[in-house]
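Take a look at the structure set out below.
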Amino acid sequence: MVTGFPADYMHQVCLGVQKRMLLAWMRGRKETRLSARHMKEISDRLRSLQRFIPKIFARKPRGLDEIDRWKATEYRQFLLYTGKIVLQGIIPENLYNHFLVLSVAMCILVSEDLTSQHSDYARALLKYFVQKSQDLYGREFQVYNVHSLLHLTDDAVEYGCLDTCSAFPFENYMQKILKMVRSPKNPLVQIFKRYRESHPVINDLTSKVISCKRPNNYFVINDQSCCEVRSVSHQTNNTGEQMYICRVYGHAQSLFQHPCDSMLIGAMTVRQQDYQIQELPESQLNSQAIMIERSDGKLVFLAVLHGF
């Protein structure tokens, strides 16, 4: 019976632990509270990333001054992806490394492949995070959501990954349902009719579409290389797969080394000029990525790991 009621990481982690950490940095005790200048710098960095966020994300990053209006998807985006970039060099190193522990653990648990391979490591990371959080943020930080992190890995192992038992798919579909209602009269009937009318179209939209336009055309190929899709090739391979002309970046380096090599979760940096033009089949373009240009001329690739 216990395993039949998994924790929902949308509420527990994104709207719970991650929000609590951000508020501790903004409004918490003086040992962890950031200055107004540092919060503005983080907000400026978040807004500067808007042009790099692909359309598979429902929302673009907003500044910390709007944190009271952030949605769960924005907290997830910060935890899994943008937080690694915007916090580096601003918050104290011990707080940044502590954040990375939670971020890496959640990156593992939202991916079906990574959960099957590294669940024990994720469990160890979350245990360390909970233990260390009291030292950094005080006993008042140790609420039920933080404690529940100790049981989160068991749910991911039981169900395949956290996305298979979270509220995100239901929350994401709410906006589609709202668009089906055009008047206050008989909303349920309207939803039923609109669904029947659009059902064939919805099926067509589920097929894979690879974009050639920025910022939706970046992919992580493996733990050593990533690419930018430039155009559709006029050729197919021996199995009939569509080929794509890509800039393939090699010699990738890790984005960070603590608490593990970031290659594990598909986070890497490459030199902007270090690429070759290659034709790649559609089957190699499965892991879409966020690509962020850095001021030092390097590109950061972050594999998109969550499913909804």
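Labels used: A, B, ... for chains in the order of the structure tokens, numbers from 1 for residues in each chain, and numbers from 1 for ligands as shown.
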
Residues at most 8 Å from range 160-173 of chain A, counting only C-alpha atoms, excluding those fewer than 2 positions away in the same chain, as a ChimeraX atom specification?
/A:6-10,109-112,115-116,155-158,175-177,306-308

Which residues are close to range 266-278 of chain A, i.e. within 10 Å by only C-alpha atoms, leaving aside same-chain residues fewer than 4 positions away? Reply as an MDAnalysis selection string.
chainID A and resid 81 84 107 220:230 243:256 261:262 287 289:294 296:305

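Of the residues listed (A:Gly16, A:Val101, A:Pro215, A:Asp120), A:Pro215 shows the shortest atom-to-atom separation from Leu49 in chain A; distances use only C-alpha atoms.
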
In Å, how far is it from CA of Leu125 in chain A to CA of Ala105 in chain A?
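Going from CA of Leu125 in chain A over to CA of Ala105 in chain A, I get 6.1 Å.
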
Out of range 108-297 of chain A, which residues get alpha helix (DSSP H) from DSSP, as a VMD selection string?
chain A and resid 108 to 109 112 to 137 144 to 159 168 to 180 187 to 205

For a test of reading the model, state the distance in Å between CA of Arg20 in chain A and CA of Val146 in chain A, rounded to one decimal.
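About the pair CA of Arg20 in chain A and CA of Val146 in chain A: they are 9.5 Å apart.
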
Can you pull out every residue within 12 Å of Gln131 in chain A, counting only C-alpha atoms, but drop anything in the same chain fewer than 3 positions away, and send it as a ChimeraX atom specification?
/A:98,101-102,124-128,134-139,141-142,146-147,149-150

For a quick check of understanding, using only C-alpha atoms, which of A:Gln18, A:Gln12, A:Ser148, A:Thr153 has the smallest distance to Leu100 in chain A?
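Going through A:Gln18, A:Gln12, A:Ser148, A:Thr153 one by one, the smallest distance to Leu100 in chain A is for A:Gln18.
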
For the strand (DSSP E or B) assignment from backbone DSSP, which residues of range 154-231 of chain A qualify? Please present them as a PyMOL selection string.
chain A and resi 218-222+225-231

With N, CA and C atoms retained, could you export that selection as an mmCIF file, in the first residue's frame?
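The resulting again18.cif:
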```
data_model
loop_
_atom_site.group_PDB
_atom_site.id
_atom_site.type_symbol
_atom_site.label_atom_id
_atom_site.label_comp_id
_atom_site.auth_asym_id
_atom_site.auth_seq_id
_atom_site.Cartn_x
_atom_site.Cartn_y
_atom_site.Cartn_z
ATOM 1 N N TYR A 218 19.261 21.986 -30.981
ATOM 2 C CA TYR A 218 20.480 21.518 -30.322
ATOM 3 C C TYR A 218 20.224 20.172 -29.649
ATOM 4 N N PHE A 219 21.216 19.290 -29.754
ATOM 5 C CA PHE A 219 21.072 17.935 -29.233
ATOM 6 C C PHE A 219 22.388 17.464 -28.621
ATOM 7 N N VAL A 220 22.278 16.653 -27.575
ATOM 8 C CA VAL A 220 23.424 15.926 -27.038
ATOM 9 C C VAL A 220 23.408 14.541 -27.667
ATOM 10 N N ILE A 221 24.488 14.181 -28.350
ATOM 11 C CA ILE A 221 24.557 12.900 -29.059
ATOM 12 C C ILE A 221 24.987 11.792 -28.108
ATOM 13 N N ASN A 222 26.061 12.032 -27.368
ATOM 14 C CA ASN A 222 26.545 11.091 -26.355
ATOM 15 C C ASN A 222 27.308 11.895 -25.317
ATOM 16 N N SER A 225 30.007 14.309 -27.200
ATOM 17 C CA SER A 225 29.746 15.228 -28.310
ATOM 18 C C SER A 225 28.292 15.681 -28.313
ATOM 19 N N CYS A 226 28.068 16.793 -28.993
ATOM 20 C CA CYS A 226 26.741 17.384 -29.125
ATOM 21 C C CYS A 226 26.682 18.063 -30.488
ATOM 22 N N CYS A 227 25.519 18.540 -30.873
ATOM 23 C CA CYS A 227 25.408 19.066 -32.237
ATOM 24 C C CYS A 227 24.332 20.130 -32.352
ATOM 25 N N GLU A 228 24.425 20.868 -33.447
ATOM 26 C CA GLU A 228 23.407 21.823 -33.875
ATOM 27 C C GLU A 228 22.903 21.380 -35.238
ATOM 28 N N VAL A 229 21.606 21.166 -35.375
ATOM 29 C CA VAL A 229 21.020 20.768 -36.656
ATOM 30 C C VAL A 229 20.909 22.007 -37.537
ATOM 31 N N ARG A 230 21.513 21.940 -38.709
ATOM 32 C CA ARG A 230 21.534 23.097 -39.612
ATOM 33 C C ARG A 230 20.478 23.010 -40.708
ATOM 34 N N SER A 231 20.285 21.814 -41.264
ATOM 35 C CA SER A 231 19.308 21.665 -42.350
ATOM 36 C C SER A 231 18.971 20.188 -42.540
#
```

May I have the residues within 9 Å of Gln77 in chain A as number ranges by chain, using only C-alpha atoms and disregarding those fewer than 5 positions away in the same chain?
A: 57, 59, 61, 72, 82-83

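Using only C-alpha atoms, the shortest contact distance between Glu140 in chain A and any of A:Tyr75, A:Met39, A:Arg62, A:Met21 is found at A:Met21.
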
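We find CA of Val232 in chain A and CA of Ile210 in chain A to be spaced 9.1 Å apart.
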
So, with only C-alpha atoms as the atoms that count, which of A:Val181, A:Tyr121, A:Glu279, A:Arg33 lies closest to His234 in chain A?
A:Glu279

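Each of A:Leu34, A:Leu64, A:Val143, A:Phe129 was compared to Arg47 in chain A using only C-alpha atoms, and A:Leu64 turns out to be the nearest.
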
So, counting only C-alpha atoms, which residue among A:Leu15, A:Ile265, A:Ala24, A:Met106 is closest to Arg69 in chain A?
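Looking at the shortest contact to Arg69 in chain A, the residue is A:Leu15.
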